[in-house]
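Text of the file structure-v9.txt, holding compact mmCIF, C-alpha atoms and all ligand atoms:
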```txt
# COMPACT_ATOMS: atom_id res chain seq x y z
CA MET R 93 -18.35 -20.28 18.44
CA ILE R 94 -15.62 -17.85 19.53
CA ARG R 95 -15.86 -14.66 17.51
CA LYS R 96 -12.81 -12.56 16.72
CA LYS R 97 -12.75 -9.11 18.30
CA ALA R 98 -11.55 -6.08 16.38
CA ILE R 99 -11.03 -2.50 17.51
CA ILE R 100 -11.43 0.17 14.83
CA PHE R 101 -9.96 3.58 15.58
CA GLY R 102 -11.57 5.99 13.09
CA VAL R 103 -14.82 4.00 12.92
CA THR R 104 -16.91 7.11 12.16
CA GLY R 105 -15.00 7.90 8.93
CA GLN R 106 -15.47 6.69 5.36
CA ASP R 107 -13.25 3.61 5.71
CA GLY R 108 -14.57 2.98 9.23
CA TYR R 109 -18.04 2.50 7.74
CA TYR R 110 -16.90 0.08 5.03
CA LEU R 111 -14.56 -1.90 7.31
CA THR R 112 -17.22 -2.26 10.02
CA LYS R 113 -19.70 -3.57 7.44
CA PHE R 114 -17.08 -6.00 6.12
CA LEU R 115 -16.01 -7.33 9.56
CA LEU R 116 -19.59 -7.71 10.84
CA LYS R 117 -20.31 -9.87 7.77
CA LYS R 118 -17.26 -11.96 8.74
CA ASN R 119 -18.84 -12.47 12.17
CA TYR R 120 -16.45 -10.27 14.12
CA VAL R 121 -17.41 -8.38 17.22
CA VAL R 122 -16.44 -4.83 16.27
CA HIS R 123 -15.49 -2.23 18.88
CA GLY R 124 -15.54 1.21 17.26
CA ILE R 125 -13.90 4.24 18.83
CA LYS R 126 -15.57 7.63 18.45
CA ARG R 127 -14.33 10.94 19.77
CA ARG R 128 -16.37 13.63 21.42
CA SER R 129 -18.00 16.05 19.01
CA SER R 130 -20.54 18.88 19.30
CA SER R 131 -22.56 17.33 16.47
CA VAL R 132 -23.56 13.68 15.89
CA PRO R 133 -20.35 11.93 14.82
CA THR R 134 -21.99 8.57 14.05
CA ASN R 135 -24.06 9.48 10.97
CA ARG R 136 -22.20 7.11 8.66
CA ILE R 137 -22.42 4.17 11.05
CA SER R 138 -25.95 4.71 12.39
CA SER R 139 -27.13 1.43 10.80
CA PHE R 140 -24.71 -0.56 12.99
CA LEU R 141 -25.49 1.10 16.32
CA ASN R 142 -28.22 -1.33 17.35
CA GLN R 143 -26.41 -4.48 16.25
CA LYS R 144 -25.34 -6.70 19.12
CA ASN R 145 -21.88 -7.37 17.64
CA PHE R 146 -21.11 -3.69 17.36
CA LYS R 147 -20.00 -1.71 20.41
CA ILE R 148 -18.98 1.90 20.57
CA HIS R 149 -16.51 3.50 23.01
CA TYR R 150 -15.36 7.06 23.57
CA GLY R 151 -11.66 7.57 22.90
CA ASP R 152 -9.24 9.91 21.22
CA LEU R 153 -5.85 9.28 19.66
CA THR R 154 -4.47 12.33 21.47
CA ASP R 155 -5.48 10.79 24.81
CA THR R 156 -3.05 7.95 25.56
CA SER R 157 -5.01 6.85 28.62
CA SER R 158 -8.17 6.28 26.58
CA ILE R 159 -6.27 4.13 24.07
CA TYR R 160 -4.64 2.06 26.82
CA ASN R 161 -7.89 1.56 28.77
CA ILE R 162 -9.91 0.53 25.71
CA ILE R 163 -7.32 -2.02 24.53
CA LYS R 164 -6.91 -3.41 28.06
CA SER R 165 -10.66 -3.88 28.58
CA VAL R 166 -11.68 -5.08 25.08
CA LYS R 167 -8.79 -7.58 24.67
CA PRO R 168 -8.97 -7.46 20.87
CA ASP R 169 -7.45 -9.94 18.40
CA GLU R 170 -6.94 -7.20 15.83
CA ILE R 171 -6.65 -3.40 15.87
CA TYR R 172 -7.28 -1.35 12.74
CA ASN R 173 -6.03 2.22 13.03
CA LEU R 174 -7.95 4.32 10.51
CA ALA R 175 -8.09 7.40 12.73
CA ALA R 176 -6.40 10.52 11.40
CA GLN R 177 -6.73 14.18 10.61
CA SER R 178 -6.99 12.98 7.02
CA HIS R 179 -7.17 16.20 5.00
CA VAL R 180 -3.84 17.13 3.40
CA GLY R 181 -4.78 20.79 2.83
CA VAL R 182 -6.04 21.23 6.40
CA SER R 183 -2.80 19.74 7.76
CA PHE R 184 -1.02 22.97 6.74
CA TYR R 185 -3.39 24.91 9.04
CA THR R 186 -3.30 22.40 11.94
CA PRO R 187 0.17 20.83 11.69
CA ILE R 188 0.67 20.12 15.39
CA PHE R 189 -2.74 18.56 15.89
CA THR R 190 -2.16 16.53 12.71
CA ALA R 191 1.18 15.26 14.02
CA ASN R 192 -0.27 14.47 17.45
CA VAL R 193 -3.05 12.35 15.95
CA ASN R 194 -1.41 10.88 12.84
CA ALA R 195 2.05 10.23 14.29
CA ILE R 196 2.09 10.19 18.11
CA GLY R 197 -1.38 8.63 18.28
CA VAL R 198 -0.06 5.62 16.36
CA LEU R 199 2.89 5.28 18.71
CA SER R 200 0.45 5.35 21.64
CA ILE R 201 -1.46 2.39 20.18
CA LEU R 202 1.77 0.47 19.56
CA GLU R 203 2.97 1.14 23.12
CA ALA R 204 -0.35 -0.11 24.48
CA ILE R 205 -0.04 -3.29 22.40
CA ARG R 206 3.56 -3.79 23.57
CA THR R 207 2.66 -3.48 27.23
CA ILE R 208 -0.76 -5.19 27.22
CA ASN R 209 -0.46 -8.08 24.75
CA LYS R 210 2.08 -8.46 21.94
CA GLN R 211 -0.14 -11.04 20.20
CA ILE R 212 -2.64 -8.36 19.08
CA LYS R 213 -2.38 -7.78 15.31
CA PHE R 214 -2.11 -4.14 14.22
CA TYR R 215 -2.97 -2.39 10.95
CA GLN R 216 -1.78 1.16 10.25
CA ALA R 217 -3.52 3.25 7.58
CA GLY R 218 -0.61 4.55 5.53
CA THR R 219 -0.97 6.63 2.41
CA SER R 220 0.42 7.40 -1.04
CA GLU R 221 0.92 10.96 0.26
CA MET R 222 4.08 9.55 1.89
CA PHE R 223 5.64 9.33 -1.61
CA GLY R 224 4.96 13.04 -2.10
CA LYS R 225 7.17 14.59 -4.73
CA THR R 226 8.44 11.59 -6.63
CA ASN R 227 10.24 10.96 -9.91
CA SER R 228 8.90 7.44 -10.01
CA ARG R 229 6.15 6.99 -12.65
CA ILE R 230 4.59 4.22 -10.57
CA GLN R 231 5.10 3.86 -6.83
CA SER R 232 5.63 0.57 -4.98
CA GLU R 233 6.66 -0.49 -1.46
CA LYS R 234 10.27 0.19 -2.55
CA THR R 235 9.75 3.80 -3.67
CA ILE R 236 11.46 6.41 -1.48
CA PHE R 237 9.20 8.63 0.65
CA ASN R 238 9.37 12.40 0.08
CA PRO R 239 6.24 13.81 1.78
CA GLN R 240 5.06 17.33 0.93
CA SER R 241 2.77 18.16 3.85
CA PRO R 242 2.48 17.89 7.63
CA TYR R 243 -0.05 15.12 6.91
CA GLY R 244 2.37 13.12 4.74
CA SER R 245 5.29 13.69 7.13
CA ALA R 246 3.29 12.49 10.15
CA LYS R 247 2.19 9.40 8.20
CA VAL R 248 5.84 8.59 7.39
CA PHE R 249 6.60 8.59 11.12
CA ALA R 250 3.60 6.31 11.71
CA HIS R 251 4.73 3.96 8.94
CA GLN R 252 8.27 3.71 10.25
CA ILE R 253 7.36 3.36 13.93
CA THR R 254 5.01 0.53 12.94
CA GLN R 255 7.96 -1.19 11.22
CA ASN R 256 10.17 -0.51 14.30
CA TYR R 257 7.70 -2.13 16.68
CA ARG R 258 7.33 -5.08 14.32
CA ASP R 259 11.11 -5.62 14.22
CA ALA R 260 12.02 -4.71 17.80
CA TYR R 261 9.18 -6.46 19.66
CA ASN R 262 8.03 -9.09 17.20
CA ILE R 263 4.55 -7.57 17.00
CA PHE R 264 2.33 -8.40 14.00
CA ALA R 265 2.21 -4.78 12.84
CA SER R 266 1.50 -4.06 9.16
CA ASN R 267 1.20 -0.95 7.04
CA GLY R 268 -1.16 -0.36 4.17
CA ILE R 269 0.02 2.26 1.68
CA LEU R 270 -3.34 3.13 0.23
CA PHE R 271 -3.84 5.37 -2.77
CA ASN R 272 -6.91 7.62 -2.93
CA HIS R 273 -10.16 5.75 -2.44
CA GLU R 274 -13.57 7.28 -2.57
CA SER R 275 -17.26 6.41 -2.17
CA PRO R 276 -20.61 8.07 -1.58
CA PHE R 277 -19.48 8.30 2.07
CA ARG R 278 -16.34 10.34 1.29
CA GLY R 279 -15.93 13.51 3.38
CA ASP R 280 -17.49 16.60 1.77
CA ASN R 281 -14.25 18.56 1.41
CA PHE R 282 -12.30 15.98 -0.62
CA VAL R 283 -12.17 16.79 -4.29
CA THR R 284 -14.14 13.83 -5.74
CA LYS R 285 -17.08 14.28 -3.37
CA LYS R 286 -17.03 18.04 -3.91
CA ILE R 287 -17.06 17.62 -7.71
CA VAL R 288 -19.77 14.94 -7.82
CA SER R 289 -21.98 16.66 -5.27
CA SER R 290 -21.62 20.12 -6.88
CA LEU R 291 -22.08 19.06 -10.51
CA THR R 292 -25.14 16.96 -9.62
CA LYS R 293 -26.65 19.95 -7.83
CA ILE R 294 -25.73 22.33 -10.70
CA LYS R 295 -27.37 19.97 -13.22
CA ASN R 296 -30.53 20.00 -11.09
CA GLY R 297 -30.58 23.77 -10.53
CA LYS R 298 -29.68 23.51 -6.83
CA GLN R 299 -26.22 25.12 -6.97
CA LYS R 300 -24.77 27.79 -9.24
CA LYS R 301 -21.03 27.17 -9.32
CA LEU R 302 -18.19 24.81 -8.41
CA VAL R 303 -14.89 26.44 -7.36
CA LEU R 304 -11.75 24.28 -7.39
CA GLY R 305 -7.99 24.53 -6.85
CA ASN R 306 -5.30 22.73 -8.84
CA LEU R 307 -6.93 20.98 -11.82
CA TYR R 308 -3.77 19.27 -13.01
CA SER R 309 -2.59 17.02 -10.17
CA ARG R 310 -3.02 13.33 -10.96
CA ARG R 311 -4.50 10.74 -8.63
CA ASP R 312 -5.01 6.98 -8.69
CA TRP R 313 -8.63 6.62 -7.49
CA GLY R 314 -10.28 3.41 -6.30
CA HIS R 315 -13.41 2.49 -4.32
CA ALA R 316 -13.27 2.31 -0.50
CA ALA R 317 -15.32 -0.93 -0.46
CA ASP R 318 -12.56 -2.67 -2.47
CA TYR R 319 -9.81 -1.19 -0.31
CA VAL R 320 -11.14 -2.33 3.08
CA GLU R 321 -11.07 -5.89 1.77
CA ALA R 322 -7.33 -5.43 1.18
CA ILE R 323 -6.94 -3.98 4.70
CA TYR R 324 -8.58 -7.08 6.16
CA LYS R 325 -6.41 -9.39 4.09
CA ILE R 326 -3.24 -7.63 5.26
CA LEU R 327 -3.99 -8.76 8.83
CA GLN R 328 -4.86 -12.34 7.81
CA GLN R 329 -1.37 -13.12 6.44
CA LYS R 330 1.08 -15.47 8.15
CA LYS R 331 3.65 -12.68 8.33
CA PRO R 332 3.28 -8.91 8.82
CA GLY R 333 4.37 -6.58 6.01
CA ASP R 334 3.70 -3.43 4.04
CA PHE R 335 1.42 -3.30 1.00
CA VAL R 336 0.61 -0.75 -1.69
CA ILE R 337 -3.11 -0.78 -2.51
CA ALA R 338 -4.02 1.00 -5.76
CA THR R 339 -5.68 0.59 -9.15
CA GLY R 340 -2.56 1.38 -11.23
CA ARG R 341 -4.55 3.94 -13.26
CA GLU R 342 -4.55 7.71 -12.77
CA CYS R 343 -6.10 10.85 -14.20
CA THR R 344 -6.15 14.59 -13.50
CA ILE R 345 -8.76 16.43 -11.44
CA LYS R 346 -9.97 18.04 -14.68
CA GLU R 347 -10.41 14.61 -16.29
CA PHE R 348 -12.39 13.54 -13.20
CA VAL R 349 -14.61 16.62 -13.66
CA ASN R 350 -15.12 15.78 -17.35
CA LYS R 351 -15.99 12.15 -16.59
CA THR R 352 -18.53 13.24 -13.96
CA ALA R 353 -20.06 15.82 -16.30
CA LYS R 354 -20.41 13.17 -19.02
CA ILE R 355 -22.10 10.73 -16.61
CA ILE R 356 -24.68 13.31 -15.54
CA ASN R 357 -25.09 14.61 -19.08
CA LEU R 358 -23.83 18.12 -18.38
CA LYS R 359 -22.10 19.71 -21.38
CA LEU R 360 -18.93 21.64 -20.42
CA LYS R 361 -16.65 23.89 -22.44
CA TRP R 362 -13.29 24.83 -20.86
CA LYS R 363 -11.74 28.25 -21.48
CA GLY R 364 -8.78 30.28 -20.16
CA SER R 365 -5.78 29.00 -18.27
CA GLY R 366 -4.12 29.03 -14.83
CA LEU R 367 -6.13 30.85 -12.18
CA ASN R 368 -8.33 32.22 -14.98
CA GLU R 369 -9.41 28.82 -16.25
CA PHE R 370 -13.16 28.21 -16.16
CA ALA R 371 -15.88 26.06 -17.70
CA ILE R 372 -19.20 27.16 -19.16
CA ASP R 373 -22.39 25.17 -19.71
CA GLN R 374 -24.54 25.02 -22.87
CA SER R 375 -26.11 28.40 -22.14
CA GLY R 376 -22.69 30.07 -21.74
CA ARG R 377 -22.97 30.37 -17.94
CA THR R 378 -19.74 29.91 -15.95
CA ILE R 379 -20.30 26.90 -13.73
CA ILE R 380 -16.69 26.01 -12.78
CA SER R 381 -13.86 28.35 -11.83
CA VAL R 382 -10.51 28.20 -10.08
CA ASP R 383 -9.53 29.94 -6.84
CA LYS R 384 -6.08 30.00 -5.34
CA LYS R 385 -7.49 29.48 -1.84
CA TYR R 386 -7.88 25.78 -2.71
CA PHE R 387 -4.21 25.44 -3.68
CA ARG R 388 -1.76 24.04 -1.11
CA PRO R 389 1.62 25.54 -0.19
CA LEU R 390 3.12 22.36 -1.69
CA GLU R 391 1.38 20.00 -4.11
CA VAL R 392 1.77 16.31 -4.82
CA ASP R 393 1.51 16.29 -8.61
CA TYR R 394 1.45 12.66 -9.52
CA LEU R 395 0.39 9.46 -7.75
CA ARG R 396 -0.02 6.08 -9.41
CA GLY R 397 0.35 2.86 -7.45
CA ASP R 398 1.91 -0.48 -8.25
CA ALA R 399 -0.15 -3.03 -6.30
CA SER R 400 1.58 -6.10 -7.73
CA LYS R 401 2.78 -7.25 -4.26
CA ALA R 402 -0.84 -7.14 -3.02
CA LYS R 403 -1.95 -9.06 -6.10
CA ARG R 404 0.73 -11.72 -5.56
CA ILE R 405 0.49 -12.17 -1.78
CA LEU R 406 -2.99 -10.97 -0.79
CA LYS R 407 -4.64 -12.15 -4.04
CA TRP R 408 -6.23 -8.71 -4.14
CA LYS R 409 -6.96 -6.34 -6.97
CA ALA R 410 -9.30 -3.38 -7.40
CA LYS R 411 -12.61 -4.51 -8.89
CA ILE R 412 -14.70 -1.33 -9.19
CA SER R 413 -13.85 0.97 -12.12
CA LEU R 414 -13.60 4.75 -11.80
CA ASP R 415 -16.69 5.22 -14.02
CA ASP R 416 -18.74 2.86 -11.82
CA LEU R 417 -17.48 4.63 -8.70
CA ILE R 418 -18.59 8.01 -10.09
CA LYS R 419 -21.97 6.60 -11.14
CA GLU R 420 -22.55 5.26 -7.61
CA MET R 421 -21.55 8.62 -6.10
CA VAL R 422 -23.87 10.49 -8.50
CA ASN R 423 -26.82 8.22 -7.68
CA TYR R 424 -26.23 8.74 -3.97
CA GLU R 425 -26.12 12.55 -4.41
CA LYS R 426 -29.39 12.54 -6.37
CA LYS R 427 -31.11 10.78 -3.47
CA GLN R 428 -30.03 13.57 -1.09
CA PHE R 429 -32.25 16.22 -2.82
P1 LIG R 501 -11.93 10.07 7.34
O1 LIG R 501 -13.24 9.81 6.67
O2 LIG R 501 -11.45 11.45 7.48
O3 LIG R 501 -11.98 9.38 8.79
C1 LIG R 501 -11.00 9.65 9.75
C2 LIG R 501 -11.45 9.07 11.06
O4 LIG R 501 -10.48 9.40 12.07
C3 LIG R 501 -12.80 9.62 11.56
O5 LIG R 501 -13.50 8.59 12.20
C4 LIG R 501 -12.37 10.66 12.57
O6 LIG R 501 -13.33 10.96 13.55
C5 LIG R 501 -11.19 9.93 13.19
N1 LIG R 501 -10.33 10.82 13.98
C6 LIG R 501 -9.78 11.99 13.63
N2 LIG R 501 -9.07 12.50 14.64
C7 LIG R 501 -9.18 11.63 15.68
C8 LIG R 501 -8.70 11.61 17.00
N3 LIG R 501 -7.96 12.59 17.50
N4 LIG R 501 -8.99 10.53 17.78
C9 LIG R 501 -9.77 9.53 17.31
N5 LIG R 501 -10.27 9.52 16.06
C10 LIG R 501 -9.98 10.55 15.26
O7 LIG R 501 -10.76 9.25 6.60
P2 LIG R 501 -10.87 7.95 5.65
O8 LIG R 501 -10.94 8.42 4.25
O9 LIG R 501 -11.86 7.02 6.19
O10 LIG R 501 -9.40 7.36 5.84
C11 LIG R 501 -9.12 6.41 6.88
C12 LIG R 501 -7.63 6.41 7.15
O11 LIG R 501 -6.92 6.04 5.96
C13 LIG R 501 -7.05 7.73 7.59
O12 LIG R 501 -6.02 7.46 8.52
C14 LIG R 501 -6.46 8.33 6.32
O13 LIG R 501 -5.39 9.19 6.64
C15 LIG R 501 -5.98 7.06 5.62
N6 LIG R 501 -5.96 7.10 4.17
C16 LIG R 501 -7.08 7.46 3.48
C17 LIG R 501 -7.06 7.43 2.09
C18 LIG R 501 -8.27 7.80 1.28
O14 LIG R 501 -8.10 8.06 0.08
N7 LIG R 501 -9.47 7.80 1.84
C19 LIG R 501 -5.88 7.02 1.40
C20 LIG R 501 -4.78 6.64 2.17
C21 LIG R 501 -4.83 6.67 3.55
P3 LIG R 501 -14.46 12.08 13.26
O15 LIG R 501 -15.54 11.38 12.45
O16 LIG R 501 -14.90 12.45 14.63
O17 LIG R 501 -13.83 13.20 12.49
O1 LIG R 502 -9.31 15.05 -2.58
P1 LIG R 502 -8.05 15.60 -2.04
O2 LIG R 502 -8.14 16.56 -0.91
O3 LIG R 502 -7.18 14.33 -1.67
P2 LIG R 502 -5.60 14.15 -1.40
O4 LIG R 502 -4.95 15.42 -1.06
O5 LIG R 502 -5.05 13.38 -2.55
O6 LIG R 502 -5.61 13.26 -0.08
C1 LIG R 502 -6.47 12.12 0.02
O7 LIG R 502 -5.79 11.00 -0.48
C2 LIG R 502 -4.61 10.63 0.25
C3 LIG R 502 -4.01 9.41 -0.46
O8 LIG R 502 -3.14 9.84 -1.46
C4 LIG R 502 -5.01 10.32 1.67
F1 LIG R 502 -3.93 9.91 2.38
C5 LIG R 502 -5.62 11.54 2.32
O9 LIG R 502 -6.06 11.20 3.63
C6 LIG R 502 -6.84 11.96 1.49
O10 LIG R 502 -7.82 10.96 1.61
O11 LIG R 502 -7.21 16.31 -3.20
C7 LIG R 502 -6.86 15.63 -4.38
C8 LIG R 502 -6.23 16.61 -5.34
C9 LIG R 502 -5.11 17.46 -4.73
O12 LIG R 502 -4.08 17.56 -5.68
C10 LIG R 502 -5.74 18.84 -4.55
O13 LIG R 502 -4.83 19.92 -4.63
O14 LIG R 502 -7.24 17.54 -5.75
C11 LIG R 502 -6.70 18.85 -5.72
N1 LIG R 502 -7.82 19.78 -5.58
C12 LIG R 502 -8.20 20.70 -6.51
N2 LIG R 502 -9.24 21.41 -6.08
C13 LIG R 502 -8.65 19.90 -4.53
C14 LIG R 502 -9.55 20.93 -4.84
N3 LIG R 502 -8.70 19.22 -3.35
C15 LIG R 502 -9.68 19.55 -2.48
N4 LIG R 502 -9.78 18.86 -1.32
N5 LIG R 502 -10.58 20.58 -2.74
C16 LIG R 502 -10.54 21.30 -3.89
O15 LIG R 502 -11.35 22.20 -4.13
```

Once you've parsed the file, please lay out its structure as structure tokens.
Amino acid sequence: MIRKKAIIFGVTGQDGYYLTKFLLKKNYVVHGIKRRSSSVPTNRISSFLNQKNFKIHYGDLTDTSSIYNIIKSVKPDEIYNLAAQSHVGVSFYTPIFTANVNAIGVLSILEAIRTINKQIKFYQAGTSEMFGKTNSRIQSEKTIFNPQSPYGSAKVFAHQITQNYRDAYNIFASNGILFNHESPFRGDNFVTKKIVSSLTKIKNGKQKKLVLGNLYSRRDWGHAADYVEAIYKILQQKKPGDFVIATGRECTIKEFVNKTAKIINLKLKWKGSGLNEFAIDQSGRTIISVDKKYFRPLEVDYLRGDASKAKRILKWKAKISLDDLIKEMVNYEKKQF
């Protein structure tokens, strides 16, 4: 049997883990690209390292030669680009690096596909951050982009250059426009992981306090395991295209905190407002406060996705509820003690 070959840029990240697991189950040979790091970058994917259908290569999206050489030697059927400097807040501190990876890195992959083999299918990991400051109460593939960060701006370039290469060179190049998706494997400095990890530790006497930024932005949160299935389906279509992937439901950061507290049976009482807002526990101890260092120079206040195109064409919809996602994240955190 001839197995399909996939390259995953960003294999060591949250989605890299879930997509690798998904493709290995589908009998793919997966070639994951890791970059050099001073610590072990393969913690999430350690369970795949000894599997014969999983190969790992050194590469970096800022190194065009590494991208070209890997694609030339692997001869993949499909390329999934999940690699990015993916933290919106950090992109304000490292804007040029963010643009080099998230924008120019994508162009480097597309150029390699154009020159090596135009039959390779390409997936680009786009984001709801591209909508940015929007008046639209629910965002679809037709909603205008108005990014509010170096991260969002670089992703808009990546989205549009992917469309350009699709149209100009007839390459099967598709964009996902994924809304926030989380899991136990989410990076530590994203707000859901930070909240779940901190509150679980506070409940068990292992941490004293959780300090957050803006409590009132709204996000549409799904589970990464559901979302990688959509990513796969996007590349299995007859025609390339762009797809919003979302749950269609949103809530504030504060509501996410309250849901998590309820799940772990931690009683919270909120007091104050603005930068002086805080929450106390049953004994009157302050366990949550706000610090302006976690605010961004610009905020995206409201994201809620309309995934009806994905439902119609990909036959995809989010299956895992936010409560079940939080429960899974809490159970994972408890096992880390
Ligand atoms: P993540 O956990 O931060 O993973 C990002 C991956 O990119 C990691 O493997 C990282 O490697 C790699 N990377 C960073 N810079 C690189 C470089 N210069 N060269 C090669 N690889 C590099 O992000 P994620 O949550 O899995 O998200 C996957 C993709 O979807 C990202 O492009 C993100 O922007 C996008 N996205 C995510 C969401 C979400 O809610 N999770 C929503 C929409 C779009 P290291 O492990 O070495 O850091
Ligand atoms: O968890 P966040 O850092 O995720 P954000 O900015 O929405 O970005 C994530 O989702 C995007 C899709 O829309 C992806 F493209 C991107 O790669 C990433 O995966 O922050 C969520 C919200 C923001 O409004 C932020 O200001 O939470 C607010 N927040 C409040 N306190 C905080 C904190 N965010 C972080 N990271 N840390 C805080 O302490």

(message) Taking all atoms listed in the file into account, which residues have an atom no farther than 7 Å from ligand LIG 501 (chain R)? I'd like them as a PyMOL selection string.
(response) chain R and resi 101-108+125-127+129+133+151-154+173-179+193+217-220+269-274+278-279

(message) I need the residue nearest Val198 (chain R) from this list: R:Ser183, R:Ser232, R:Gln143, R:Gln252. Use all atoms listed in the file for the distance.
(response)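 Among the listed residues, the smallest separation from Val198 (chain R) belongs to R:Gln252.
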
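Across the model, the gap from CA of Thr292 (chain R) to CA of Ile356 (chain R) is 7.0 Å.
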
Using only C-alpha atoms, which protein or nucleic acid residues come within 10 Å of Ile405 (chain R)? Drop anything in the same chain fewer than 6 positions from it, and give the result as a PDB file with C-alpha atoms, in the coordinates of the input.
```pdb
ATOM      1  CA  LYS R 325      -6.410  -9.390   4.090  1.00  0.00           C
ATOM      2  CA  ILE R 326      -3.240  -7.630   5.260  1.00  0.00           C
ATOM      3  CA  GLN R 329      -1.370 -13.120   6.440  1.00  0.00           C
ATOM      4  CA  PHE R 335       1.420  -3.300   1.000  1.00  0.00           C
TER       5      PHE R 335
END
```

(request) Show which residues sit within 7 Å of region 303-318 of chain R, as a PyMOL selection string. Count all atoms listed in the file, and ignore same-chain residues fewer than 5 positions away. (result) chain R and resi 107+110+271-275+338-346+380-384+386-387+392-397+410-412+414+417

Got time to write the residues from that selection, C-alpha atoms, as a PDB file, keeping the file's coordinate frame?
```pdb
ATOM      1  CA  ASP R 107     -13.250   3.610   5.710  1.00  0.00           C
ATOM      2  CA  TYR R 110     -16.900   0.080   5.030  1.00  0.00           C
ATOM      3  CA  PHE R 271      -3.840   5.370  -2.770  1.00  0.00           C
ATOM      4  CA  ASN R 272      -6.910   7.620  -2.930  1.00  0.00           C
ATOM      5  CA  HIS R 273     -10.160   5.750  -2.440  1.00  0.00           C
ATOM      6  CA  GLU R 274     -13.570   7.280  -2.570  1.00  0.00           C
ATOM      7  CA  SER R 275     -17.260   6.410  -2.170  1.00  0.00           C
ATOM      8  CA  ALA R 338      -4.020   1.000  -5.760  1.00  0.00           C
ATOM      9  CA  THR R 339      -5.680   0.590  -9.150  1.00  0.00           C
ATOM     10  CA  GLY R 340      -2.560   1.380 -11.230  1.00  0.00           C
ATOM     11  CA  ARG R 341      -4.550   3.940 -13.260  1.00  0.00           C
ATOM     12  CA  GLU R 342      -4.550   7.710 -12.770  1.00  0.00           C
ATOM     13  CA  CYS R 343      -6.100  10.850 -14.200  1.00  0.00           C
ATOM     14  CA  THR R 344      -6.150  14.590 -13.500  1.00  0.00           C
ATOM     15  CA  ILE R 345      -8.760  16.430 -11.440  1.00  0.00           C
ATOM     16  CA  LYS R 346      -9.970  18.040 -14.680  1.00  0.00           C
ATOM     17  CA  ILE R 380     -16.690  26.010 -12.780  1.00  0.00           C
ATOM     18  CA  SER R 381     -13.860  28.350 -11.830  1.00  0.00           C
ATOM     19  CA  VAL R 382     -10.510  28.200 -10.080  1.00  0.00           C
ATOM     20  CA  ASP R 383      -9.530  29.940  -6.840  1.00  0.00           C
ATOM     21  CA  LYS R 384      -6.080  30.000  -5.340  1.00  0.00           C
ATOM     22  CA  TYR R 386      -7.880  25.780  -2.710  1.00  0.00           C
ATOM     23  CA  PHE R 387      -4.210  25.440  -3.680  1.00  0.00           C
ATOM     24  CA  VAL R 392       1.770  16.310  -4.820  1.00  0.00           C
ATOM     25  CA  ASP R 393       1.510  16.290  -8.610  1.00  0.00           C
ATOM     26  CA  TYR R 394       1.450  12.660  -9.520  1.00  0.00           C
ATOM     27  CA  LEU R 395       0.390   9.460  -7.750  1.00  0.00           C
ATOM     28  CA  ARG R 396      -0.020   6.080  -9.410  1.00  0.00           C
ATOM     29  CA  GLY R 397       0.350   2.860  -7.450  1.00  0.00           C
ATOM     30  CA  ALA R 410      -9.300  -3.380  -7.400  1.00  0.00           C
ATOM     31  CA  LYS R 411     -12.610  -4.510  -8.890  1.00  0.00           C
ATOM     32  CA  ILE R 412     -14.700  -1.330  -9.190  1.00  0.00           C
ATOM     33  CA  LEU R 414     -13.600   4.750 -11.800  1.00  0.00           C
ATOM     34  CA  LEU R 417     -17.480   4.630  -8.700  1.00  0.00           C
TER      35      LEU R 417
END
```

(request) Kindly extract all protein, DNA and RNA residues lying within 7 Å of the coordinates (-3.1, -4.5, 20.1) given in the file, considering only C-alpha atoms, and supply them as a VMD selection string. (result) chain R and resid 163 168 170 to 171 202 204 to 205 209 to 210 212 to 214

(request) Would you mind telling me which residue in R:Ala353, R:Met421, R:Val132, R:Val336 lies nearest to ligand LIG 502 (chain R) when using all atoms listed in the file? (result) R:Val336

(request) Point out the residue among R:Ala246, R:Val283, R:Ala402, R:Leu116 with the least atom-to-atom distance to Asn192 (chain R), counting all atoms listed in the file. (result)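 When distances to Asn192 (chain R) are compared using all atoms listed in the file, the smallest one comes from R:Ala246.
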
(message) Need to verify the contact set: Thr156 (chain R), 10 Å, only C-alpha atoms, exclusion of same-chain residues closer than 5 positions in sequence. Can you return it as number ranges by chain?
(response) R: 151, 161, 196-201, 203-204

Enclose the full set of atoms of region 159-168 of chain R listed in the file within a box whose edges lie along x, y and z, apply 8 Å of padding to each of the six sides, and report centre and edge lengths in Å to one decimal as JSON.
```
{"center_x": -8.2, "center_y": -1.7, "center_z": 24.8, "size_x": 23.0, "size_y": 27.7, "size_z": 23.9}
```

(message) Nearest residue to ligand LIG 502 (chain R) out of R:Lys300, R:Arg404, R:Lys385, R:His149, using all atoms listed in the file?
(response) R:Lys385

(request) Would you mind reading off the distance between CA of Phe348 (chain R) and CA of Tyr109 (chain R), one decimal, in Å? (result)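 Distance between the two atoms: 24.3 Å.
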